[in-house]
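What follows is a set of notes on a single structure, which appears directly below.
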Amino acid sequence: MQLNVYFNFDSQAHEVMKFYAHVFDTDYEVDFFKDDPVRVIHGSMNFANAHVMFSDIGPEHTLVIGNHITLSLNSLNLEELHLRFERLSEGGTILMPLQEVFWSKAYGMCIDKFGTTWQFNLDEE
């Protein structure tokens, strides 16, 4: 069994995919609705050892972005964690800067410019 992350947006999925491709130095695949070259019917990419999928909702649905999803990036590499934190928080909101906490030498949180909450945690070897 495998758990995959699936994001839904309202005409922003392609923009989000380009942003995450930049953040994580990766490529993506995308297919658009035939009658609407802006809306993504399905997109996918791999980063941080995860397969992530994207789509735009159809015009008959209403999208509600909330805090029901938080993505957590854990790394053994402090430099990489700082880079991803910097890129993801650009244009967004820093909830907690990367800092030492009782369980980690580096932990932080941000909301990216598309409303997704991210946690960052430096794991110990």
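Within each chain, counting starts at residue 1; across the structure tokens, chains are named A, B, ... in the order shown, with ligands numbered 1 upward in that order.
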task: Determine which residues of chain A receive a DSSP assignment of strand (DSSP E), computed from the backbone, and state them as a PyMOL selection string.
output: chain A and resi 5-9+28-33+36-47+50-56+70-75+93-101+104-111+117-122
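The interatomic distance for the pair CA of Leu76 (chain A) and CA of Ile111 (chain A) works out to 21.9 Å.
Taking only C-alpha atoms, the non-local environment of region 96-109 of chain A within 6 Å (same-chain residues fewer than 5 positions away omitted) comprises Trp118, Gln119, Phe120, Asn121 and Leu122 of chain A.
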query: Between A:Phe32, A:Glu15, A:Cys110, A:Ala21, which has the minimum distance to Met45 (chain A) (counting only C-alpha atoms)?
result: A:Ala21
message: Report as an NGL selection string all protein, DNA and RNA residues lying within 7 Å of Met53 (chain A), evaluated on only C-alpha atoms, omitting residues in the same chain fewer than 2 positions from it.
response: :A and (5-7 or 43-45 or 51)
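Each of A:Gly92, A:His14, A:Thr62, A:Thr26 was compared to Ala50 (chain A) using only C-alpha atoms, and A:Thr26 turns out to be the nearest.
Nearest residue to Asn74 (chain A) among A:Asn46, A:Phe54, A:Pro37, A:Asp123 is A:Asp123, counting only C-alpha atoms.
The helix (DSSP H, G or I) portion of chain A consists of Ala13, His14, Glu15, Val16, Met17, Lys18, Phe19, Tyr20, Ala21, His22, Val23, Phe24, Leu78, Glu79, Glu80, Leu81, His82, Leu83, Arg84, Phe85, Glu86, Arg87, Leu88 and Ser89 of chain A, with states taken from DSSP on the backbone.
Atom pair CA of Ala13 (chain A) / CA of Leu78 (chain A): separated by 29.1 Å.
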